[in-house]
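**Student:** Contents of input-v6.tsv (TSV, C-alpha atoms and all ligand atoms) are given next:
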```tsv
chain	number	residue	atom	x	y	z
A	1	MET	CA	-40.97	-7.61	-11.29
A	2	LYS	CA	-40.16	-6.62	-14.88
A	3	LYS	CA	-36.46	-6.34	-15.64
A	4	THR	CA	-35.10	-2.80	-15.67
A	5	GLU	CA	-34.17	-1.29	-19.03
A	6	LEU	CA	-30.40	-0.72	-18.78
A	7	ILE	CA	-29.66	2.51	-20.64
A	8	TYR	CA	-25.88	2.27	-20.08
A	9	GLU	CA	-25.69	-1.03	-21.97
A	10	ASN	CA	-26.35	0.72	-25.28
A	11	ASP	CA	-25.45	4.28	-24.37
A	12	SER	CA	-22.60	4.60	-21.90
A	13	TYR	CA	-22.57	8.39	-22.37
A	14	CYS	CA	-26.09	8.94	-21.02
A	15	ALA	CA	-25.54	11.01	-17.86
A	16	GLU	CA	-29.11	12.25	-17.44
A	17	PHE	CA	-32.36	10.34	-18.06
A	18	GLU	CA	-36.10	10.37	-17.46
A	19	ALA	CA	-37.79	7.39	-15.81
A	20	THR	CA	-40.89	6.35	-13.90
A	21	VAL	CA	-40.81	5.09	-10.30
A	22	LEU	CA	-42.18	1.51	-10.21
A	23	SER	CA	-41.65	0.84	-6.52
A	24	CYS	CA	-40.27	2.53	-3.42
A	25	ILE	CA	-39.79	0.48	-0.26
A	26	GLU	CA	-38.47	1.81	3.04
A	27	ASN	CA	-35.38	-0.05	4.19
A	28	ASP	CA	-33.82	0.86	7.53
A	29	GLY	CA	-34.40	4.61	7.15
A	30	ARG	CA	-33.48	4.60	3.47
A	31	TYR	CA	-35.58	3.84	0.39
A	32	ASP	CA	-35.08	1.15	-2.23
A	33	VAL	CA	-36.33	2.56	-5.53
A	34	VAL	CA	-36.99	0.64	-8.75
A	35	LEU	CA	-37.37	2.60	-12.00
A	36	ASP	CA	-38.62	1.36	-15.37
A	37	ARG	CA	-35.24	2.36	-16.88
A	38	THR	CA	-31.90	3.51	-15.53
A	39	ALA	CA	-28.48	4.78	-16.58
A	40	PHE	CA	-27.06	3.96	-13.14
A	41	PHE	CA	-24.52	1.10	-13.35
A	42	PRO	CA	-25.07	-1.26	-10.40
A	43	GLU	CA	-22.10	-2.69	-8.48
A	44	GLY	CA	-20.71	-5.74	-10.28
A	45	GLY	CA	-17.82	-7.28	-12.19
A	46	GLY	CA	-15.26	-5.62	-9.92
A	47	GLN	CA	-16.72	-2.14	-10.49
A	48	ALA	CA	-18.46	0.02	-7.87
A	49	ALA	CA	-21.98	1.37	-8.32
A	50	ASP	CA	-22.49	4.74	-10.04
A	51	LYS	CA	-22.99	7.82	-7.90
A	52	GLY	CA	-25.57	10.52	-8.60
A	53	THR	CA	-29.09	11.70	-7.80
A	54	ILE	CA	-32.72	10.88	-8.62
A	55	ASP	CA	-34.82	14.08	-8.61
A	56	GLY	CA	-32.04	15.69	-6.55
A	57	ILE	CA	-32.12	12.89	-3.95
A	58	LEU	CA	-28.70	11.36	-3.33
A	59	VAL	CA	-28.26	7.79	-4.59
A	60	LEU	CA	-26.33	5.88	-1.91
A	61	ASP	CA	-26.04	2.48	-3.58
A	62	VAL	CA	-27.12	0.65	-6.72
A	63	GLN	CA	-27.49	-3.14	-6.85
A	64	VAL	CA	-29.01	-5.51	-9.39
A	65	ASN	CA	-31.15	-8.48	-8.45
A	66	ASP	CA	-32.40	-10.81	-11.19
A	67	GLY	CA	-32.30	-8.04	-13.79
A	68	VAL	CA	-34.06	-5.52	-11.54
A	69	VAL	CA	-31.91	-2.52	-10.57
A	70	ILE	CA	-32.44	-1.23	-7.03
A	71	HIS	CA	-31.38	2.33	-6.23
A	72	THR	CA	-30.97	3.00	-2.51
A	73	VAL	CA	-31.75	6.67	-1.91
A	74	GLU	CA	-31.96	9.06	1.06
A	75	SER	CA	-35.66	9.92	0.91
A	76	VAL	CA	-38.95	8.70	-0.56
A	77	CYS	CA	-39.71	8.70	-4.33
A	78	PRO	CA	-43.50	8.39	-4.89
A	79	ILE	CA	-44.61	5.44	-7.05
A	80	GLY	CA	-45.74	6.50	-10.55
A	81	LYS	CA	-43.76	9.74	-10.43
A	82	LYS	CA	-41.69	10.77	-13.47
A	83	VAL	CA	-38.21	11.46	-12.21
A	84	THR	CA	-34.87	12.68	-13.58
A	85	GLY	CA	-31.78	10.63	-12.86
A	86	LYS	CA	-28.36	12.27	-12.98
A	87	ILE	CA	-25.10	10.34	-12.96
A	88	ASP	CA	-21.97	11.79	-11.35
A	89	TRP	CA	-20.27	11.97	-14.74
A	90	GLN	CA	-16.67	12.62	-13.63
A	91	THR	CA	-16.71	9.47	-11.47
A	92	ARG	CA	-18.42	7.40	-14.18
A	93	PHE	CA	-16.10	8.56	-16.97
A	94	THR	CA	-13.03	7.87	-14.81
A	95	ARG	CA	-14.33	4.34	-14.24
A	96	MET	CA	-14.98	3.89	-17.96
A	97	GLN	CA	-11.37	4.94	-18.66
A	98	ARG	CA	-10.19	2.43	-16.06
A	99	HIS	CA	-12.36	-0.42	-17.29
A	100	SER	CA	-11.59	0.09	-20.97
A	101	GLY	CA	-7.90	0.41	-20.06
A	102	GLU	CA	-8.15	-2.91	-18.25
A	103	HIS	CA	-9.68	-4.62	-21.31
A	104	ILE	CA	-6.93	-3.27	-23.58
A	105	LEU	CA	-4.27	-4.44	-21.13
A	106	SER	CA	-5.80	-7.89	-20.52
A	107	GLY	CA	-6.31	-8.40	-24.27
A	108	THR	CA	-2.70	-7.36	-24.97
A	109	VAL	CA	-1.26	-9.70	-22.29
A	110	HIS	CA	-3.44	-12.50	-23.66
A	111	SER	CA	-2.31	-12.01	-27.24
A	112	LEU	CA	1.40	-11.51	-26.38
A	113	PHE	CA	1.79	-14.20	-23.69
A	114	GLY	CA	-1.42	-16.28	-23.73
A	115	TYR	CA	-2.17	-15.52	-20.06
A	116	ASN	CA	-5.67	-15.06	-18.68
A	117	ASN	CA	-6.96	-12.34	-16.39
A	118	VAL	CA	-7.88	-14.45	-13.35
A	119	GLY	CA	-8.67	-11.73	-10.81
A	120	PHE	CA	-9.64	-8.12	-11.04
A	121	HIS	CA	-10.34	-5.37	-8.53
A	122	MET	CA	-10.90	-1.69	-9.17
A	123	SER	CA	-10.26	1.08	-6.66
A	124	GLU	CA	-9.21	4.73	-6.50
A	125	THR	CA	-5.61	3.69	-5.78
A	126	GLY	CA	-5.37	1.61	-8.95
A	127	MET	CA	-6.73	-1.52	-10.57
A	128	LYS	CA	-5.26	-4.81	-9.42
A	129	ILE	CA	-5.19	-7.29	-12.29
A	130	ASP	CA	-4.01	-10.88	-11.75
A	131	PHE	CA	-2.65	-12.98	-14.64
A	132	ASP	CA	-2.03	-16.73	-14.55
A	133	GLY	CA	1.57	-16.50	-15.75
A	134	PRO	CA	4.74	-14.62	-14.82
A	135	LEU	CA	6.01	-11.43	-16.49
A	136	THR	CA	9.53	-10.03	-16.23
A	137	GLN	CA	10.12	-6.27	-16.02
A	138	PRO	CA	11.01	-6.09	-19.76
A	139	ASP	CA	7.73	-8.01	-20.45
A	140	ILE	CA	5.79	-5.46	-18.37
A	141	ASP	CA	7.50	-2.57	-20.19
A	142	ARG	CA	6.58	-4.14	-23.51
A	143	VAL	CA	2.94	-4.64	-22.44
A	144	GLU	CA	2.69	-1.03	-21.27
A	145	LYS	CA	4.06	0.28	-24.56
A	146	GLU	CA	1.75	-1.91	-26.68
A	147	VAL	CA	-1.28	-0.94	-24.58
A	148	ASN	CA	-0.62	2.77	-24.97
A	149	PHE	CA	-0.03	2.41	-28.71
A	150	ALA	CA	-3.47	0.76	-28.88
A	151	VAL	CA	-4.91	3.69	-26.89
A	152	TRP	CA	-3.41	6.26	-29.26
A	153	LYS	CA	-4.64	4.43	-32.34
A	154	ASN	CA	-8.08	5.57	-31.12
A	155	LEU	CA	-9.64	2.17	-31.88
A	156	LYS	CA	-13.39	1.63	-31.90
A	157	VAL	CA	-14.95	0.01	-28.80
A	158	THR	CA	-18.26	-1.77	-29.46
A	159	ALA	CA	-20.67	-3.59	-27.18
A	160	PHE	CA	-23.00	-6.14	-28.84
A	161	TYR	CA	-25.20	-9.14	-28.19
A	162	PRO	CA	-24.22	-12.02	-30.51
A	163	THR	CA	-26.71	-14.71	-31.49
A	164	ASP	CA	-26.11	-18.30	-30.30
A	165	GLU	CA	-24.84	-19.12	-33.82
A	166	GLU	CA	-22.44	-16.16	-33.87
A	167	ILE	CA	-21.08	-17.00	-30.40
A	168	LYS	CA	-19.74	-20.33	-31.70
A	169	ASN	CA	-17.44	-18.51	-34.12
A	170	ILE	CA	-16.26	-15.70	-31.85
A	171	GLU	CA	-13.08	-15.91	-29.80
A	172	TYR	CA	-13.55	-13.95	-26.58
A	173	ARG	CA	-12.10	-13.76	-23.07
A	174	SER	CA	-13.97	-14.37	-19.79
A	175	LYS	CA	-16.05	-17.21	-21.26
A	176	LEU	CA	-19.29	-17.67	-19.32
A	177	ASP	CA	-21.22	-20.90	-18.69
A	178	ASN	CA	-24.49	-19.07	-19.14
A	179	ILE	CA	-24.45	-17.41	-22.56
A	180	GLU	CA	-28.02	-16.15	-22.30
A	181	ASN	CA	-27.99	-12.41	-23.09
A	182	LEU	CA	-24.20	-12.56	-23.54
A	183	ARG	CA	-22.81	-9.06	-24.00
A	184	LEU	CA	-19.43	-8.78	-25.67
A	185	VAL	CA	-17.19	-5.72	-25.65
A	186	GLU	CA	-14.92	-5.66	-28.66
A	187	ILE	CA	-11.90	-3.41	-29.03
A	188	GLU	CA	-10.98	-3.42	-32.69
A	189	GLY	CA	-8.07	-5.83	-33.25
A	190	VAL	CA	-7.05	-5.85	-29.57
A	191	ASP	CA	-9.64	-7.63	-27.46
A	192	CYS	CA	-13.06	-9.21	-27.24
A	193	CYS	CA	-14.43	-9.95	-23.78
A	194	ALA	CA	-17.72	-10.79	-22.05
A	195	CYS	CA	-18.60	-7.70	-19.98
A	196	CYS	CA	-21.65	-5.89	-18.65
A	197	ALA	CA	-20.01	-2.55	-17.86
A	198	PRO	CA	-20.09	0.78	-19.70
A	199	HIS	CA	-17.01	1.56	-21.81
A	200	VAL	CA	-15.56	4.50	-23.74
A	201	ALA	CA	-16.48	4.60	-27.45
A	202	ARG	CA	-12.89	4.92	-28.66
A	203	THR	CA	-9.65	3.88	-26.99
A	204	GLY	CA	-8.18	7.40	-27.33
A	205	GLU	CA	-10.48	8.51	-24.51
A	206	VAL	CA	-8.51	6.31	-22.10
A	207	GLY	CA	-5.60	8.73	-22.62
A	208	LEU	CA	-2.88	6.82	-20.79
A	209	VAL	CA	-2.40	3.43	-19.15
A	210	LYS	CA	0.41	3.20	-16.59
A	211	ILE	CA	1.52	0.04	-14.78
A	212	ILE	CA	2.72	1.38	-11.43
A	213	ASP	CA	3.53	-1.84	-9.58
A	214	SER	CA	3.77	-5.61	-9.88
A	215	MET	CA	4.09	-8.57	-7.54
A	216	PRO	CA	4.15	-12.35	-8.04
A	217	VAL	CA	0.98	-14.23	-7.03
A	218	LYS	CA	0.39	-18.01	-7.20
A	219	GLY	CA	2.64	-18.69	-10.22
A	220	GLY	CA	1.37	-15.58	-11.97
A	221	ILE	CA	1.59	-11.84	-11.53
A	222	ARG	CA	-0.52	-9.02	-10.09
A	223	LEU	CA	-0.25	-5.69	-11.86
A	224	THR	CA	-1.36	-2.41	-10.31
A	225	VAL	CA	-2.54	-0.16	-13.12
A	226	LEU	CA	-3.80	3.40	-13.48
A	227	ALA	CA	-5.65	4.77	-16.49
A	228	GLY	CA	-6.93	8.11	-17.77
A	229	TYR	CA	-7.71	10.78	-15.18
A	230	GLU	CA	-6.31	8.69	-12.31
A	231	ALA	CA	-3.00	8.27	-14.18
A	232	LEU	CA	-2.89	12.07	-14.60
A	233	CYS	CA	-3.58	12.60	-10.86
A	234	ASP	CA	-0.82	10.14	-10.01
A	235	TYR	CA	1.61	11.92	-12.35
A	236	SER	CA	0.71	15.29	-10.79
A	237	MET	CA	1.26	13.90	-7.30
A	238	LEU	CA	4.64	12.40	-8.22
A	239	ASN	CA	5.68	15.60	-9.98
A	240	THR	CA	4.81	17.68	-6.90
A	241	LEU	CA	6.78	15.31	-4.68
A	242	ASN	CA	9.72	15.42	-7.07
A	243	LYS	CA	9.66	19.21	-7.13
A	244	GLN	CA	9.73	19.27	-3.32
A	245	LEU	CA	12.72	16.89	-3.36
A	246	MET	CA	14.46	18.99	-6.04
A	247	LYS	CA	14.08	22.04	-3.80
A	248	THR	CA	15.21	20.21	-0.66
A	249	LEU	CA	18.24	18.69	-2.39
A	250	SER	CA	18.90	21.67	-4.71
A	251	VAL	CA	19.23	19.48	-7.80
A	252	THR	CA	17.59	19.06	-11.20
A	253	ARG	CA	14.72	16.57	-11.63
A	254	GLU	CA	16.92	13.89	-13.20
A	255	ALA	CA	19.46	14.15	-10.35
A	256	VAL	CA	17.03	13.58	-7.46
A	257	SER	CA	17.64	9.86	-7.05
A	258	ASN	CA	21.46	10.10	-7.06
A	259	ALA	CA	21.35	13.11	-4.75
A	260	ALA	CA	19.14	11.24	-2.27
A	261	LYS	CA	21.53	8.28	-2.43
A	262	ARG	CA	24.51	10.55	-1.75
A	263	GLN	CA	22.67	12.15	1.20
A	264	THR	CA	21.96	8.72	2.68
A	265	GLU	CA	25.62	7.72	2.29
A	266	LEU	CA	26.69	11.00	3.92
A	267	ILE	CA	24.33	10.41	6.85
A	268	ASP	CA	25.77	6.89	7.29
A	269	THR	CA	29.33	8.29	7.31
A	270	LEU	CA	28.46	11.07	9.76
A	271	ARG	CA	26.57	8.64	12.00
A	272	HIS	CA	29.63	6.39	12.08
A	273	GLU	CA	31.97	9.32	12.84
A	274	LYS	CA	29.61	10.62	15.52
A	275	GLY	CA	29.59	7.15	17.11
A	276	GLU	CA	33.39	7.06	17.13
A	277	LEU	CA	33.63	10.52	18.70
A	278	SER	CA	30.98	9.88	21.34
A	279	ASN	CA	32.70	6.58	22.23
A	280	ARG	CA	35.99	8.38	22.70
A	281	LEU	CA	34.34	11.13	24.75
A	282	ALA	CA	32.59	8.56	26.96
A	283	TRP	CA	35.94	6.84	27.53
A	284	ARG	CA	37.67	10.14	28.44
A	285	GLU	CA	34.96	11.09	30.90
A	286	LEU	CA	34.72	7.68	32.55
A	287	SER	CA	35.83	7.65	36.20
A	288	VAL	CA	37.36	4.21	36.66
A	289	VAL	CA	38.02	2.57	40.03
A	290	LYS	CA	40.34	-0.44	39.84
A	291	VAL	CA	39.72	-3.31	42.26
A	292	ASN	CA	42.28	-6.12	42.08
A	293	ASN	CA	42.51	-7.07	38.38
A	294	SER	CA	39.04	-5.69	37.73
A	295	ALA	CA	37.29	-2.32	37.66
A	296	TYR	CA	34.03	-0.48	38.03
A	297	ALA	CA	33.14	2.90	36.63
A	298	PHE	CA	30.39	5.50	36.45
A	299	SER	CA	29.35	7.90	33.74
A	300	GLU	CA	26.36	9.99	32.75
A	301	ASN	CA	24.18	9.83	29.67
A	302	SER	CA	26.20	7.08	28.00
A	303	SER	CA	24.57	4.65	25.59
A	304	TYR	CA	25.04	0.88	25.71
A	305	ASP	CA	27.28	1.21	22.62
A	306	GLU	CA	29.49	3.69	24.46
A	307	LEU	CA	29.65	1.42	27.51
A	308	ILE	CA	30.64	-1.51	25.25
A	309	TYR	CA	33.44	0.62	23.77
A	310	CYS	CA	34.64	1.50	27.29
A	311	ALA	CA	34.47	-2.15	28.44
A	312	ASN	CA	36.59	-3.16	25.44
A	313	LYS	CA	39.13	-0.43	26.26
A	314	LEU	CA	39.33	-1.70	29.84
A	315	ALA	CA	39.76	-5.28	28.57
A	316	ASP	CA	42.61	-4.01	26.32
A	317	GLU	CA	44.25	-2.61	29.46
A	318	GLY	CA	44.11	-6.06	31.06
A	319	VAL	CA	41.01	-5.55	33.22
A	320	GLU	CA	39.44	-8.94	33.85
A	321	THR	CA	35.91	-8.00	34.93
A	322	SER	CA	34.28	-4.61	34.52
A	323	LEU	CA	31.04	-3.20	35.92
A	324	LEU	CA	30.01	-0.04	34.12
A	325	PHE	CA	27.09	2.19	35.12
A	326	SER	CA	25.61	5.24	33.46
A	327	LYS	CA	23.03	7.53	35.00
A	328	ASN	CA	20.70	8.46	32.16
A	329	ASP	CA	17.58	9.56	34.08
A	330	ASP	CA	16.31	10.25	37.60
A	331	ASP	CA	15.09	6.69	38.15
A	332	GLY	CA	18.36	4.80	37.93
A	333	TYR	CA	21.23	3.53	35.85
A	334	ILE	CA	21.89	1.39	32.83
A	335	TYR	CA	24.66	-1.14	33.31
A	336	LEU	CA	27.08	-3.23	31.30
A	337	ILE	CA	29.03	-6.06	32.88
A	338	SER	CA	31.71	-7.98	31.03
A	339	SER	CA	34.41	-10.43	31.99
A	340	ARG	CA	37.04	-12.67	30.44
A	341	GLU	CA	37.08	-15.01	33.46
A	342	ARG	CA	33.82	-14.88	35.45
A	343	ASP	CA	30.31	-15.87	34.47
A	344	VAL	CA	28.69	-12.45	34.77
A	345	ARG	CA	25.16	-13.83	34.85
A	346	GLU	CA	25.58	-14.56	38.54
A	347	ILE	CA	26.54	-10.89	39.19
A	348	VAL	CA	23.60	-9.69	37.08
A	349	LYS	CA	21.19	-11.85	39.04
A	350	ARG	CA	22.35	-10.36	42.36
A	351	LEU	CA	22.38	-6.83	40.93
A	352	ASN	CA	18.84	-7.14	39.61
A	353	THR	CA	17.58	-8.59	42.90
A	354	THR	CA	19.26	-5.90	45.02
A	355	PHE	CA	18.23	-2.94	42.87
A	356	ASN	CA	14.96	-4.06	41.34
A	357	GLY	CA	16.66	-4.31	37.96
A	358	ARG	CA	16.07	-6.12	34.72
A	359	GLY	CA	18.40	-7.34	32.03
A	360	GLY	CA	20.68	-10.23	31.23
A	361	GLY	CA	22.97	-11.63	28.60
A	362	LYS	CA	25.67	-14.18	27.92
A	363	PRO	CA	28.25	-15.70	30.34
A	364	ASN	CA	30.85	-13.05	29.45
A	365	TYR	CA	28.62	-10.10	28.75
A	366	ALA	CA	25.32	-8.66	30.06
A	367	GLN	CA	23.42	-5.43	30.09
A	368	GLY	CA	20.32	-3.98	31.71
A	369	ARG	CA	19.06	-1.28	34.04
A	370	VAL	CA	18.58	-0.85	37.77
A	371	VAL	CA	16.41	1.41	39.89
A	372	CYS	CA	18.69	3.26	42.33
A	373	ASP	CA	18.92	6.79	43.71
A	374	SER	CA	22.43	6.51	45.10
A	375	THR	CA	25.78	6.04	43.38
A	376	GLU	CA	27.23	5.03	46.77
A	377	LYS	CA	25.03	1.94	47.02
A	378	LEU	CA	26.12	0.78	43.56
A	379	LYS	CA	29.75	1.54	44.37
A	380	SER	CA	29.63	-0.61	47.48
A	381	PHE	CA	27.89	-3.39	45.51
A	382	ALA	CA	30.70	-3.24	42.91
A	383	GLU	CA	33.46	-3.17	45.58
A	384	ASN	CA	32.00	-6.25	47.30
A	385	CYS	CA	31.51	-8.05	44.05
A	386	LEU	CA	35.04	-7.47	42.76
A	387	ASN	CA	36.64	-8.25	46.15
A	388	GLU	CA	35.15	-11.75	46.33
A	401	ZN	ZN	-15.14	-5.75	-18.33
```
Will you turn the file into structure tokens for me?
Ligand SMILES: [Zn+2]

**Tutor:**
Amino acid sequence: MKKTELIYENDSYCAEFEATVLSCIENDGRYDVVLDRTAFFPEGGGQAADKGTIDGILVLDVQVNDGVVIHTVESVCPIGKKVTGKIDWQTRFTRMQRHSGEHILSGTVHSLFGYNNVGFHMSETGMKIDFDGPLTQPDIDRVEKEVNFAVWKNLKVTAFYPTDEEIKNIEYRSKLDNIENLRLVEIEGVDCCACCAPHVARTGEVGLVKIIDSMPVKGGIRLTVLAGYEALCDYSMLNTLNKQLMKTLSVTREAVSNAAKRQTELIDTLRHEKGELSNRLAWRELSVVKVNNSAYAFSENSSYDELIYCANKLADEGVETSLLFSKNDDDGYIYLISSRERDVREIVKRLNTTFNGRGGGKPNYAQGRVVCDSTEKLKSFAENCLNE
């Protein structure tokens, strides 16, 4: 089939076009439509397919196969019919801002550091651009500044098809093995790169390029980048979040970070103080029964940390082995057993077997829980154990 005339290659601002339907083939309930010409950019080069309609019929996907563009649509388009294609312009323009922003950034990194763009993925959450060399944070800041200065210079962006002779004398990125129909996108004084995608006509239309994240990859670096409308949306989102934080923390916008840090420190202090107080309370409320040099005790709703505190207090008082139980729910008790002399693992084994428990630990310390509906049964277990 004859190759499709690609309107976007020479006119990236064409959002509406007339064309003739050359073929329409049913494909799993959808229709694959080929037109004689199209402004729809097919998926490729890291960029998603354009969205839009053909004669009001929703275009679901656009792919290119051997120069023929296939539009997958929801319903039939009769062969020979003159149709009107409409591109979803907001989506397309946003992608043009992104893609041109990427070229400016890749060209800038290449000229400042000599690194190549070795991987590229575009999505709504930001472009991921991989370079084959590392960048420090000051390097990234410098790149971002240079890129935005290039944007604000409102430089001309031109797509052209050089002759074989001209190609020999042109320095460009993304060199291809097959230079047949090579299309170059040149950004005046900043970049020249092989590319098939639609771009803005002047860099000023990109508006803003913001590097929002970076991570090392295979000896190089991956930058996450937003441009144009998506950078604005991100700024709006961050500003809304910051305003919510300002309100919550009752501080000015510049003070949010320090205020959040102070709140976290305060929470840490209060958590520590609360732990100290609840330990002391658990110790005061503990009913201890001494047996020989050892002891057992019961409490309610104590945590393991509180039981550890109590066991240490008992050890300070000279208690050799302690069995501590806390009833925290209807099913049973948590326990903590510690000793300076005995290997408590043997006690734990018997306790777990007798009361369908689980848990364990080290020779001098163990914790776990048992299923038991009677304090008396545990008391008699403890008495027997400590009287041995
Ligand atoms: Zn490109």

**Student:** Could you please extract the residues within 12 Å of ligand ZN 401 (chain A), counting only C-alpha atoms and all ligand atoms, and hand them back as a PyMOL selection string?

**Tutor:** chain A and resi 44-47+95-107+117+119-122+129+157+159+172-175+183-187+191-200

**Student:** Next, the residues of the selection above should be written as a CSV table (one decimal), in the coordinates of the input with C-alpha atoms.

**Tutor:**
```csv
chain,number,residue,atom,x,y,z
A,44,GLY,CA,-20.7,-5.7,-10.3
A,45,GLY,CA,-17.8,-7.3,-12.2
A,46,GLY,CA,-15.3,-5.6,-9.9
A,47,GLN,CA,-16.7,-2.1,-10.5
A,95,ARG,CA,-14.3,4.3,-14.2
A,96,MET,CA,-15.0,3.9,-18.0
A,97,GLN,CA,-11.4,4.9,-18.7
A,98,ARG,CA,-10.2,2.4,-16.1
A,99,HIS,CA,-12.4,-0.4,-17.3
A,100,SER,CA,-11.6,0.1,-21.0
A,101,GLY,CA,-7.9,0.4,-20.1
A,102,GLU,CA,-8.2,-2.9,-18.2
A,103,HIS,CA,-9.7,-4.6,-21.3
A,104,ILE,CA,-6.9,-3.3,-23.6
A,105,LEU,CA,-4.3,-4.4,-21.1
A,106,SER,CA,-5.8,-7.9,-20.5
A,107,GLY,CA,-6.3,-8.4,-24.3
A,117,ASN,CA,-7.0,-12.3,-16.4
A,119,GLY,CA,-8.7,-11.7,-10.8
A,120,PHE,CA,-9.6,-8.1,-11.0
A,121,HIS,CA,-10.3,-5.4,-8.5
A,122,MET,CA,-10.9,-1.7,-9.2
A,129,ILE,CA,-5.2,-7.3,-12.3
A,157,VAL,CA,-15.0,0.0,-28.8
A,159,ALA,CA,-20.7,-3.6,-27.2
A,172,TYR,CA,-13.6,-14.0,-26.6
A,173,ARG,CA,-12.1,-13.8,-23.1
A,174,SER,CA,-14.0,-14.4,-19.8
A,175,LYS,CA,-16.0,-17.2,-21.3
A,183,ARG,CA,-22.8,-9.1,-24.0
A,184,LEU,CA,-19.4,-8.8,-25.7
A,185,VAL,CA,-17.2,-5.7,-25.6
A,186,GLU,CA,-14.9,-5.7,-28.7
A,187,ILE,CA,-11.9,-3.4,-29.0
A,191,ASP,CA,-9.6,-7.6,-27.5
A,192,CYS,CA,-13.1,-9.2,-27.2
A,193,CYS,CA,-14.4,-10.0,-23.8
A,194,ALA,CA,-17.7,-10.8,-22.0
A,195,CYS,CA,-18.6,-7.7,-20.0
A,196,CYS,CA,-21.6,-5.9,-18.6
A,197,ALA,CA,-20.0,-2.6,-17.9
A,198,PRO,CA,-20.1,0.8,-19.7
A,199,HIS,CA,-17.0,1.6,-21.8
A,200,VAL,CA,-15.6,4.5,-23.7
```

**Student:** From the list A:Asp316, A:Glu265, A:Glu16, A:Asp61, which residue is nearest A:Tyr31 when using only C-alpha atoms?

**Tutor:** A:Asp61

**Student:** Might you pull out every residue within 8 Å of A:Asp50, with only C-alpha atoms counted and same-chain residues fewer than 3 positions away left off, and present them as number ranges by chain?

**Tutor:** A: 40-43, 61-62, 87-88, 91-92

**Student:** Residues at most 8 Å from A:Arg340, counting all atoms listed in the file, excluding those fewer than 2 positions away in the same chain, as a ChimeraX atom specification?

**Tutor:** /A:320-321,338,342,364

**Student:** Using all atoms listed in the file, determine which residues lie at most 9 Å from A:Leu60, disregarding the query and same-chain residues fewer than 4 positions distant; provide the list as a list of chain:residue names.

**Tutor:**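 Here the qualifying residues turn out to be A:Ala49, A:Lys51, A:Gly52, A:Thr53, A:His71, A:Thr72, A:Val73, A:Glu74.
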
**Student:** Of the candidates A:Asn242, A:Met237, A:Val21, A:Lys2, which shows the shortest atom-to-atom distance to A:Asp66, using all atoms listed in the file?

**Tutor:** A:Lys2

**Student:** With distances taken over only C-alpha atoms, which residue among A:Asn301, A:Thr353, A:Ser257, A:Thr269 lies nearest A:Asp330?

**Tutor:**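 When distances to A:Asp330 are compared using only C-alpha atoms, the smallest one comes from A:Asn301.
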
**Student:** For a quick check of understanding, using all atoms listed in the file, which of A:Gly85, A:Asp305, A:Arg345, A:Glu300 has the smallest distance to A:Thr375?

**Tutor:**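 Residue with the minimum atom-to-atom distance to A:Thr375: A:Glu300.
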
**Student:** Return the single residue from A:Lys349, A:Lys261, A:Arg37, A:Lys313 that is closest to A:Val68, with distances computed using all atoms listed in the file.

**Tutor:**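 The closest residue to A:Val68 is A:Arg37.
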
**Student:** Tell me, in Å to one decimal, how far atom CA of A:Val291 is from atom CA of A:Ser278.

**Tutor:**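 If I compute the distance from atom CA of A:Val291 to atom CA of A:Ser278, I get 26.2 Å.
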
**Student:** When you look at A:Val143 with a cut-off of 8 Å (counting only C-alpha atoms), what residues show up, excluding the ones that are within fewer than 4 positions of it in the same chain? I need them as an NGL selection string.

**Tutor:** :A and (105 or 108-109 or 139 or 147)

**Student:** Smallest atom-to-atom distance to A:Ile212: which of A:Thr264, A:Asn328, A:Gln137, A:Asn293, using only C-alpha atoms?

**Tutor:** A:Gln137

**Student:** What is the distance, in Å and to one decimal place, between atom CA of A:Val289 and atom CA of A:Glu341?

**Tutor:**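 Those two atoms sit 18.8 Å apart.
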
**Student:** What separation in Å, quoted to one decimal, exists between atom CA of A:Leu281 and atom CA of A:Tyr309?

**Tutor:**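 If I compute the distance from atom CA of A:Leu281 to atom CA of A:Tyr309, I get 10.6 Å.
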
**Student:** Determine, counting only C-alpha atoms, which protein, DNA and RNA residues have an atom within 6 Å of an atom of A:Glu188; residues of the same chain fewer than 2 positions away are not included. Present the result as a list in words.

**Tutor:**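 Residues meeting the cut-off are Leu155, Lys156 and Val190 of chain A.
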
**Student:** Counting all atoms listed in the file, note down every residue that has an atom within 8 Å of the point (-34.4, 11.4, -1.4) (file coordinates), as a PyMOL selection string.

**Tutor:** chain A and resi 31+54-59+73-77

**Student:** Counting all atoms listed in the file, which residues sit no farther than 12 Å from the position (22.6, 9.9, 27.2) in the file's frame? I'd like them as an MDAnalysis selection string.

**Tutor:** chainID A and resid 278:279 282 299:307 325:329 333:334
